[in-house]
>>> print(open('final_7.pdb').read())   # PDB, N, CA and C atoms
ATOM      1  N   MET A   1       4.036-130.521 105.109  1.00  0.00           N
ATOM      2  CA  MET A   1       4.952-129.752 104.266  1.00  0.00           C
ATOM      3  C   MET A   1       4.453-128.320 104.159  1.00  0.00           C
ATOM      4  N   GLU A   2       5.351-127.394 104.393  1.00  0.00           N
ATOM      5  CA  GLU A   2       4.996-125.983 104.310  1.00  0.00           C
ATOM      6  C   GLU A   2       4.982-125.549 102.849  1.00  0.00           C
ATOM      7  N   ASN A   3       3.990-124.734 102.487  1.00  0.00           N
ATOM      8  CA  ASN A   3       3.900-124.267 101.110  1.00  0.00           C
ATOM      9  C   ASN A   3       4.122-122.760 101.091  1.00  0.00           C
ATOM     10  N   LYS A   4       5.164-122.311 100.417  1.00  0.00           N
ATOM     11  CA  LYS A   4       5.514-120.900 100.348  1.00  0.00           C
ATOM     12  C   LYS A   4       4.481-120.136  99.523  1.00  0.00           C
ATOM     13  N   VAL A   5       4.198-118.920  99.971  1.00  0.00           N
ATOM     14  CA  VAL A   5       3.268-118.025  99.277  1.00  0.00           C
ATOM     15  C   VAL A   5       4.074-116.885  98.666  1.00  0.00           C
ATOM     16  N   MET A   6       3.775-116.541  97.414  1.00  0.00           N
ATOM     17  CA  MET A   6       4.462-115.455  96.719  1.00  0.00           C
ATOM     18  C   MET A   6       3.486-114.358  96.331  1.00  0.00           C
ATOM     19  N   ARG A   7       3.982-113.156  96.316  1.00  0.00           N
ATOM     20  CA  ARG A   7       3.220-112.016  95.791  1.00  0.00           C
ATOM     21  C   ARG A   7       3.378-111.997  94.274  1.00  0.00           C
ATOM     22  N   THR A   8       2.634-111.116  93.642  1.00  0.00           N
ATOM     23  CA  THR A   8       2.626-111.037  92.175  1.00  0.00           C
ATOM     24  C   THR A   8       4.024-110.862  91.601  1.00  0.00           C
ATOM     25  N   LYS A   9       4.794-109.932  92.138  1.00  0.00           N
ATOM     26  CA  LYS A   9       6.127-109.656  91.586  1.00  0.00           C
ATOM     27  C   LYS A   9       7.033-110.885  91.667  1.00  0.00           C
ATOM     28  N   GLU A  10       6.995-111.578  92.799  1.00  0.00           N
ATOM     29  CA  GLU A  10       7.793-112.795  92.954  1.00  0.00           C
ATOM     30  C   GLU A  10       7.318-113.887  92.001  1.00  0.00           C
ATOM     31  N   ALA A  11       6.004-114.022  91.891  1.00  0.00           N
ATOM     32  CA  ALA A  11       5.431-115.063  91.033  1.00  0.00           C
ATOM     33  C   ALA A  11       5.776-114.821  89.566  1.00  0.00           C
ATOM     34  N   THR A  12       5.769-113.562  89.137  1.00  0.00           N
ATOM     35  CA  THR A  12       6.108-113.270  87.740  1.00  0.00           C
ATOM     36  C   THR A  12       7.543-113.658  87.440  1.00  0.00           C
ATOM     37  N   ARG A  13       8.436-113.390  88.367  1.00  0.00           N
ATOM     38  CA  ARG A  13       9.838-113.785  88.181  1.00  0.00           C
ATOM     39  C   ARG A  13       9.979-115.313  88.198  1.00  0.00           C
ATOM     40  N   TYR A  14       9.226-115.957  89.054  1.00  0.00           N
ATOM     41  CA  TYR A  14       9.316-117.407  89.216  1.00  0.00           C
ATOM     42  C   TYR A  14       8.895-118.147  87.946  1.00  0.00           C
ATOM     43  N   ILE A  15       7.805-117.707  87.309  1.00  0.00           N
ATOM     44  CA  ILE A  15       7.348-118.416  86.101  1.00  0.00           C
ATOM     45  C   ILE A  15       7.739-117.701  84.808  1.00  0.00           C
ATOM     46  N   GLY A  16       8.381-116.529  84.925  1.00  0.00           N
ATOM     47  CA  GLY A  16       8.932-115.856  83.749  1.00  0.00           C
ATOM     48  C   GLY A  16       7.909-115.164  82.861  1.00  0.00           C
ATOM     49  N   VAL A  17       6.901-114.533  83.476  1.00  0.00           N
ATOM     50  CA  VAL A  17       5.909-113.780  82.704  1.00  0.00           C
ATOM     51  C   VAL A  17       5.792-112.372  83.278  1.00  0.00           C
ATOM     52  N   SER A  18       5.162-111.494  82.527  1.00  0.00           N
ATOM     53  CA  SER A  18       4.930-110.128  82.996  1.00  0.00           C
ATOM     54  C   SER A  18       3.767-110.107  83.991  1.00  0.00           C
ATOM     55  N   PRO A  19       3.671-109.057  84.805  1.00  0.00           N
ATOM     56  CA  PRO A  19       2.523-108.941  85.706  1.00  0.00           C
ATOM     57  C   PRO A  19       1.191-108.961  84.948  1.00  0.00           C
ATOM     58  N   TRP A  20       1.154-108.328  83.789  1.00  0.00           N
ATOM     59  CA  TRP A  20      -0.070-108.322  82.973  1.00  0.00           C
ATOM     60  C   TRP A  20      -0.448-109.741  82.571  1.00  0.00           C
ATOM     61  N   ARG A  21       0.534-110.517  82.119  1.00  0.00           N
ATOM     62  CA  ARG A  21       0.275-111.899  81.698  1.00  0.00           C
ATOM     63  C   ARG A  21      -0.184-112.753  82.880  1.00  0.00           C
ATOM     64  N   LEU A  22       0.416-112.539  84.047  1.00  0.00           N
ATOM     65  CA  LEU A  22       0.030-113.290  85.235  1.00  0.00           C
ATOM     66  C   LEU A  22      -1.437-113.018  85.579  1.00  0.00           C
ATOM     67  N   ARG A  23      -1.833-111.756  85.556  1.00  0.00           N
ATOM     68  CA  ARG A  23      -3.231-111.411  85.836  1.00  0.00           C
ATOM     69  C   ARG A  23      -4.176-112.003  84.796  1.00  0.00           C
ATOM     70  N   LYS A  24      -3.738-112.053  83.549  1.00  0.00           N
ATOM     71  CA  LYS A  24      -4.556-112.642  82.495  1.00  0.00           C
ATOM     72  C   LYS A  24      -4.742-114.141  82.743  1.00  0.00           C
ATOM     73  N   LEU A  25      -3.685-114.822  83.155  1.00  0.00           N
ATOM     74  CA  LEU A  25      -3.783-116.251  83.468  1.00  0.00           C
ATOM     75  C   LEU A  25      -4.775-116.491  84.600  1.00  0.00           C
ATOM     76  N   VAL A  26      -4.766-115.615  85.601  1.00  0.00           N
ATOM     77  CA  VAL A  26      -5.720-115.717  86.711  1.00  0.00           C
ATOM     78  C   VAL A  26      -7.134-115.498  86.198  1.00  0.00           C
ATOM     79  N   HIS A  27      -7.322-114.446  85.404  1.00  0.00           N
ATOM     80  CA  HIS A  27      -8.647-114.107  84.873  1.00  0.00           C
ATOM     81  C   HIS A  27      -9.211-115.238  84.007  1.00  0.00           C
ATOM     82  N   GLU A  28      -8.362-115.895  83.237  1.00  0.00           N
ATOM     83  CA  GLU A  28      -8.786-116.999  82.364  1.00  0.00           C
ATOM     84  C   GLU A  28      -9.002-118.297  83.140  1.00  0.00           C
ATOM     85  N   GLY A  29      -8.658-118.307  84.427  1.00  0.00           N
ATOM     86  CA  GLY A  29      -8.816-119.511  85.230  1.00  0.00           C
ATOM     87  C   GLY A  29      -7.731-120.547  84.994  1.00  0.00           C
ATOM     88  N   ARG A  30      -6.627-120.139  84.406  1.00  0.00           N
ATOM     89  CA  ARG A  30      -5.537-121.069  84.100  1.00  0.00           C
ATOM     90  C   ARG A  30      -4.506-121.164  85.218  1.00  0.00           C
ATOM     91  N   LEU A  31      -4.597-120.242  86.201  1.00  0.00           N
ATOM     92  CA  LEU A  31      -3.641-120.213  87.297  1.00  0.00           C
ATOM     93  C   LEU A  31      -4.382-119.962  88.598  1.00  0.00           C
ATOM     94  N   ALA A  32      -4.188-120.857  89.557  1.00  0.00           N
ATOM     95  CA  ALA A  32      -4.829-120.723  90.865  1.00  0.00           C
ATOM     96  C   ALA A  32      -4.158-119.603  91.660  1.00  0.00           C
ATOM     97  N   TYR A  33      -4.925-118.969  92.536  1.00  0.00           N
ATOM     98  CA  TYR A  33      -4.388-117.894  93.373  1.00  0.00           C
ATOM     99  C   TYR A  33      -5.107-117.892  94.712  1.00  0.00           C
ATOM    100  N   LEU A  34      -4.556-117.150  95.652  1.00  0.00           N
ATOM    101  CA  LEU A  34      -5.155-117.005  96.970  1.00  0.00           C
ATOM    102  C   LEU A  34      -5.812-115.641  97.069  1.00  0.00           C
ATOM    103  N   SER A  35      -6.939-115.599  97.755  1.00  0.00           N
ATOM    104  CA  SER A  35      -7.653-114.341  97.961  1.00  0.00           C
ATOM    105  C   SER A  35      -8.268-114.357  99.345  1.00  0.00           C
ATOM    106  N   ASP A  36      -8.316-113.192  99.975  1.00  0.00           N
ATOM    107  CA  ASP A  36      -8.975-113.103 101.274  1.00  0.00           C
ATOM    108  C   ASP A  36     -10.418-112.640 101.128  1.00  0.00           C
ATOM    109  N   GLY A  37     -10.902-112.615  99.895  1.00  0.00           N
ATOM    110  CA  GLY A  37     -12.286-112.228  99.635  1.00  0.00           C
ATOM    111  C   GLY A  37     -12.472-110.762  99.317  1.00  0.00           C
ATOM    112  N   ASP A  38     -11.439-109.975  99.502  1.00  0.00           N
ATOM    113  CA  ASP A  38     -11.502-108.539  99.213  1.00  0.00           C
ATOM    114  C   ASP A  38     -11.047-108.312  97.768  1.00  0.00           C
ATOM    115  N   ALA A  39     -11.909-107.686  96.985  1.00  0.00           N
ATOM    116  CA  ALA A  39     -11.596-107.480  95.560  1.00  0.00           C
ATOM    117  C   ALA A  39     -10.385-106.580  95.360  1.00  0.00           C
ATOM    118  N   THR A  40     -10.033-105.776  96.349  1.00  0.00           N
ATOM    119  CA  THR A  40      -8.904-104.861  96.199  1.00  0.00           C
ATOM    120  C   THR A  40      -7.609-105.431  96.761  1.00  0.00           C
ATOM    121  N   SER A  41      -7.654-106.633  97.328  1.00  0.00           N
ATOM    122  CA  SER A  41      -6.443-107.205  97.922  1.00  0.00           C
ATOM    123  C   SER A  41      -5.480-107.679  96.841  1.00  0.00           C
ATOM    124  N   ALA A  42      -4.205-107.707  97.205  1.00  0.00           N
ATOM    125  CA  ALA A  42      -3.173-108.170  96.283  1.00  0.00           C
ATOM    126  C   ALA A  42      -3.308-109.678  96.087  1.00  0.00           C
ATOM    127  N   LEU A  43      -2.945-110.124  94.921  1.00  0.00           N
ATOM    128  CA  LEU A  43      -2.983-111.551  94.636  1.00  0.00           C
ATOM    129  C   LEU A  43      -1.802-112.239  95.309  1.00  0.00           C
ATOM    130  N   ARG A  44      -2.023-113.467  95.735  1.00  0.00           N
ATOM    131  CA  ARG A  44      -0.986-114.297  96.307  1.00  0.00           C
ATOM    132  C   ARG A  44      -1.026-115.649  95.597  1.00  0.00           C
ATOM    133  N   PHE A  45       0.123-116.281  95.508  1.00  0.00           N
ATOM    134  CA  PHE A  45       0.230-117.536  94.772  1.00  0.00           C
ATOM    135  C   PHE A  45       1.025-118.552  95.568  1.00  0.00           C
ATOM    136  N   LEU A  46       0.539-119.776  95.599  1.00  0.00           N
ATOM    137  CA  LEU A  46       1.295-120.872  96.208  1.00  0.00           C
ATOM    138  C   LEU A  46       2.332-121.364  95.200  1.00  0.00           C
ATOM    139  N   VAL A  47       3.533-121.634  95.679  1.00  0.00           N
ATOM    140  CA  VAL A  47       4.582-122.145  94.801  1.00  0.00           C
ATOM    141  C   VAL A  47       4.132-123.448  94.139  1.00  0.00           C
ATOM    142  N   ALA A  48       3.411-124.278  94.871  1.00  0.00           N
ATOM    143  CA  ALA A  48       2.921-125.543  94.310  1.00  0.00           C
ATOM    144  C   ALA A  48       2.010-125.289  93.107  1.00  0.00           C
ATOM    145  N   ASP A  49       1.178-124.253  93.170  1.00  0.00           N
ATOM    146  CA  ASP A  49       0.293-123.922  92.044  1.00  0.00           C
ATOM    147  C   ASP A  49       1.091-123.381  90.867  1.00  0.00           C
ATOM    148  N   LEU A  50       2.129-122.603  91.148  1.00  0.00           N
ATOM    149  CA  LEU A  50       2.981-122.084  90.072  1.00  0.00           C
ATOM    150  C   LEU A  50       3.731-123.233  89.397  1.00  0.00           C
ATOM    151  N   ASP A  51       4.222-124.179  90.209  1.00  0.00           N
ATOM    152  CA  ASP A  51       4.903-125.356  89.647  1.00  0.00           C
ATOM    153  C   ASP A  51       3.948-126.194  88.799  1.00  0.00           C
ATOM    154  N   GLU A  52       2.721-126.341  89.266  1.00  0.00           N
ATOM    155  CA  GLU A  52       1.721-127.098  88.515  1.00  0.00           C
ATOM    156  C   GLU A  52       1.445-126.427  87.167  1.00  0.00           C
ATOM    157  N   TYR A  53       1.324-125.101  87.161  1.00  0.00           N
ATOM    158  CA  TYR A  53       1.117-124.362  85.907  1.00  0.00           C
ATOM    159  C   TYR A  53       2.291-124.608  84.954  1.00  0.00           C
ATOM    160  N   LEU A  54       3.517-124.499  85.470  1.00  0.00           N
ATOM    161  CA  LEU A  54       4.693-124.720  84.619  1.00  0.00           C
ATOM    162  C   LEU A  54       4.719-126.128  84.051  1.00  0.00           C
ATOM    163  N   ASN A  55       4.339-127.110  84.850  1.00  0.00           N
ATOM    164  CA  ASN A  55       4.297-128.493  84.362  1.00  0.00           C
ATOM    165  C   ASN A  55       3.250-128.684  83.272  1.00  0.00           C
ATOM    166  N   ARG A  56       2.118-127.994  83.394  1.00  0.00           N
ATOM    167  CA  ARG A  56       1.084-128.086  82.351  1.00  0.00           C
ATOM    168  C   ARG A  56       1.561-127.453  81.045  1.00  0.00           C
ATOM    169  N   CYS A  57       2.443-126.460  81.141  1.00  0.00           N
ATOM    170  CA  CYS A  57       2.952-125.769  79.952  1.00  0.00           C
ATOM    171  C   CYS A  57       4.136-126.493  79.315  1.00  0.00           C
ATOM    172  N   ARG A  58       4.644-127.473  79.994  1.00  0.00           N
ATOM    173  CA  ARG A  58       5.836-128.175  79.536  1.00  0.00           C
ATOM    174  C   ARG A  58       5.546-129.015  78.298  1.00  0.00           C
ATOM    175  N   VAL A  59       6.407-128.885  77.316  1.00  0.00           N
ATOM    176  CA  VAL A  59       6.298-129.672  76.091  1.00  0.00           C
ATOM    177  C   VAL A  59       7.529-130.561  76.027  1.00  0.00           C
ATOM    178  N   LEU A  60       7.295-131.852  75.988  1.00  0.00           N
ATOM    179  CA  LEU A  60       8.403-132.796  75.945  1.00  0.00           C
ATOM    180  C   LEU A  60       8.861-133.026  74.513  1.00  0.00           C
ATOM    181  N   ALA A  61      10.151-133.145  74.356  1.00  0.00           N
ATOM    182  CA  ALA A  61      10.717-133.441  73.042  1.00  0.00           C
ATOM    183  C   ALA A  61      10.523-134.922  72.740  1.00  0.00           C
ATOM    184  N   THR A  62      10.369-135.213  71.475  1.00  0.00           N
ATOM    185  CA  THR A  62      10.264-136.608  71.063  1.00  0.00           C
ATOM    186  C   THR A  62      11.612-137.047  70.501  1.00  0.00           C
ATOM    187  N   PRO A  63      11.998-138.307  70.687  1.00  0.00           N
ATOM    188  CA  PRO A  63      13.315-138.775  70.243  1.00  0.00           C
ATOM    189  C   PRO A  63      13.521-138.667  68.733  1.00  0.00           C
ATOM    190  N   ASP A  64      12.455-138.776  67.956  1.00  0.00           N
ATOM    191  CA  ASP A  64      12.607-138.751  66.503  1.00  0.00           C
ATOM    192  C   ASP A  64      12.349-137.367  65.909  1.00  0.00           C
ATOM    193  N   PHE A  65      12.392-136.336  66.733  1.00  0.00           N
ATOM    194  CA  PHE A  65      12.137-134.983  66.259  1.00  0.00           C
ATOM    195  C   PHE A  65      13.273-134.516  65.360  1.00  0.00           C
ATOM    196  N   GLU A  66      12.916-133.989  64.195  1.00  0.00           N
ATOM    197  CA  GLU A  66      13.902-133.431  63.279  1.00  0.00           C
ATOM    198  C   GLU A  66      13.620-131.956  63.089  1.00  0.00           C
ATOM    199  N   VAL A  67      14.653-131.173  63.108  1.00  0.00           N
ATOM    200  CA  VAL A  67      14.492-129.747  62.852  1.00  0.00           C
ATOM    201  C   VAL A  67      14.437-129.561  61.346  1.00  0.00           C
ATOM    202  N   ARG A  68      13.375-128.972  60.886  1.00  0.00           N
ATOM    203  CA  ARG A  68      13.244-128.726  59.454  1.00  0.00           C
ATOM    204  C   ARG A  68      13.624-127.287  59.170  1.00  0.00           C
ATOM    205  N   ARG A  69      14.420-127.125  58.181  1.00  0.00           N
ATOM    206  CA  ARG A  69      14.855-125.778  57.817  1.00  0.00           C
ATOM    207  C   ARG A  69      13.762-125.055  57.066  1.00  0.00           C
ATOM    208  N   LYS A  70      13.692-123.780  57.356  1.00  0.00           N
ATOM    209  CA  LYS A  70      12.766-122.937  56.600  1.00  0.00           C
ATOM    210  C   LYS A  70      13.423-122.614  55.267  1.00  0.00           C
ATOM    211  N   SER A  71      12.624-122.277  54.285  1.00  0.00           N
ATOM    212  CA  SER A  71      13.167-122.043  52.943  1.00  0.00           C
ATOM    213  C   SER A  71      14.195-120.913  52.941  1.00  0.00           C
ATOM    214  N   HIS A  72      14.027-119.915  53.814  1.00  0.00           N
ATOM    215  CA  HIS A  72      14.981-118.811  53.823  1.00  0.00           C
ATOM    216  C   HIS A  72      16.269-119.171  54.571  1.00  0.00           C
ATOM    217  N   ASP A  73      16.316-120.331  55.258  1.00  0.00           N
ATOM    218  CA  ASP A  73      17.523-120.780  55.937  1.00  0.00           C
ATOM    219  C   ASP A  73      18.445-121.562  55.004  1.00  0.00           C
ATOM    220  N   VAL A  74      17.922-121.992  53.877  1.00  0.00           N
ATOM    221  CA  VAL A  74      18.692-122.807  52.946  1.00  0.00           C
ATOM    222  C   VAL A  74      19.370-121.888  51.937  1.00  0.00           C
ATOM    223  N   ALA A  75      20.626-122.163  51.685  1.00  0.00           N
ATOM    224  CA  ALA A  75      21.359-121.348  50.712  1.00  0.00           C
ATOM    225  C   ALA A  75      20.732-121.484  49.322  1.00  0.00           C
ATOM    226  N   PRO A  76      20.639-120.396  48.585  1.00  0.00           N
ATOM    227  CA  PRO A  76      20.045-120.483  47.245  1.00  0.00           C
ATOM    228  C   PRO A  76      20.903-121.346  46.322  1.00  0.00           C
ATOM    229  N   ARG A  77      20.247-122.020  45.382  1.00  0.00           N
ATOM    230  CA  ARG A  77      20.958-122.855  44.418  1.00  0.00           C
ATOM    231  C   ARG A  77      21.642-121.973  43.387  1.00  0.00           C
ATOM    232  N   ASP A  78      22.777-122.446  42.922  1.00  0.00           N
ATOM    233  CA  ASP A  78      23.494-121.744  41.864  1.00  0.00           C
ATOM    234  C   ASP A  78      22.881-122.175  40.547  1.00  0.00           C
ATOM    235  N   PRO A  79      22.247-121.245  39.809  1.00  0.00           N
ATOM    236  CA  PRO A  79      21.573-121.617  38.557  1.00  0.00           C
ATOM    237  C   PRO A  79      22.550-122.126  37.480  1.00  0.00           C
ATOM    238  N   LEU A  80      23.835-121.827  37.612  1.00  0.00           N
ATOM    239  CA  LEU A  80      24.815-122.251  36.617  1.00  0.00           C
ATOM    240  C   LEU A  80      25.453-123.599  36.973  1.00  0.00           C
ATOM    241  N   ALA A  81      25.144-124.113  38.139  1.00  0.00           N
ATOM    242  CA  ALA A  81      25.790-125.368  38.553  1.00  0.00           C
ATOM    243  C   ALA A  81      25.085-126.573  38.002  1.00  0.00           C
TER     244      ALA A  81
END
>>> encode(input="final_7.pdb", output="structure tokens")
Amino acid sequence: MENKVMRTKEATRYIGVSPWRLRKLVHEGRLAYLSDGDATSALRFLVADLDEYLNRCRVLATPDFEVRRKSHDVAPRDPLA
């Protein structure tokens, strides 16, 4: 199976983050990248690694989840009622 390689700009669009955030993820070791060993070379990313990152960030909903209203979302009580 062929694995597509993306440059930084493509990768940021693919996972929906800014270039700064993408570089931070790389620096923190949270996102794999390709390098040719040259510190000045552009970063490259495998689509499979980007998909893996997105899957790790995925939060599944639970069937019994209830949305709780914040106090400012609830209409104030009528003190005369």
>>> resolve_selection(input="final_7.pdb", expression="the PyMOL selection byres ((chain A and resi 34-51) around 5)", output="MDAnalysis selection string")
chainID A and resid 4:8 32:33 52:55
>>> write_last_selection(input="final_7.pdb", atoms="N, CA and C atoms", output="mmCIF file, in the frame of the given file")
data_model
loop_
_atom_site.group_PDB
_atom_site.id
_atom_site.type_symbol
_atom_site.label_atom_id
_atom_site.label_comp_id
_atom_site.auth_asym_id
_atom_site.auth_seq_id
_atom_site.Cartn_x
_atom_site.Cartn_y
_atom_site.Cartn_z
ATOM 1 N N LYS A 4 5.164 -122.311 100.417
ATOM 2 C CA LYS A 4 5.514 -120.900 100.348
ATOM 3 C C LYS A 4 4.481 -120.136 99.523
ATOM 4 N N VAL A 5 4.198 -118.920 99.971
ATOM 5 C CA VAL A 5 3.268 -118.025 99.277
ATOM 6 C C VAL A 5 4.074 -116.885 98.666
ATOM 7 N N MET A 6 3.775 -116.541 97.414
ATOM 8 C CA MET A 6 4.462 -115.455 96.719
ATOM 9 C C MET A 6 3.486 -114.358 96.331
ATOM 10 N N ARG A 7 3.982 -113.156 96.316
ATOM 11 C CA ARG A 7 3.220 -112.016 95.791
ATOM 12 C C ARG A 7 3.378 -111.997 94.274
ATOM 13 N N THR A 8 2.634 -111.116 93.642
ATOM 14 C CA THR A 8 2.626 -111.037 92.175
ATOM 15 C C THR A 8 4.024 -110.862 91.601
ATOM 16 N N ALA A 32 -4.188 -120.857 89.557
ATOM 17 C CA ALA A 32 -4.829 -120.723 90.865
ATOM 18 C C ALA A 32 -4.158 -119.603 91.660
ATOM 19 N N TYR A 33 -4.925 -118.969 92.536
ATOM 20 C CA TYR A 33 -4.388 -117.894 93.373
ATOM 21 C C TYR A 33 -5.107 -117.892 94.712
ATOM 22 N N GLU A 52 2.721 -126.341 89.266
ATOM 23 C CA GLU A 52 1.721 -127.098 88.515
ATOM 24 C C GLU A 52 1.445 -126.427 87.167
ATOM 25 N N TYR A 53 1.324 -125.101 87.161
ATOM 26 C CA TYR A 53 1.117 -124.362 85.907
ATOM 27 C C TYR A 53 2.291 -124.608 84.954
ATOM 28 N N LEU A 54 3.517 -124.499 85.470
ATOM 29 C CA LEU A 54 4.693 -124.720 84.619
ATOM 30 C C LEU A 54 4.719 -126.128 84.051
ATOM 31 N N ASN A 55 4.339 -127.110 84.850
ATOM 32 C CA ASN A 55 4.297 -128.493 84.362
ATOM 33 C C ASN A 55 3.250 -128.684 83.272
#
>>> atom_distance(input="final_7.pdb", atom1="CA of Leu31 (chain A)", atom2="CA of Val59 (chain A)")
17.7 Å
>>> atom_distance(input="final_7.pdb", atom1="atom C of Lys24 (chain A)", atom2="atom N of Thr62 (chain A)")
28.3 Å
>>> atom_distance(input="final_7.pdb", atom1="CA of Leu60 (chain A)", atom2="CA of Lys9 (chain A)")
28.0 Å
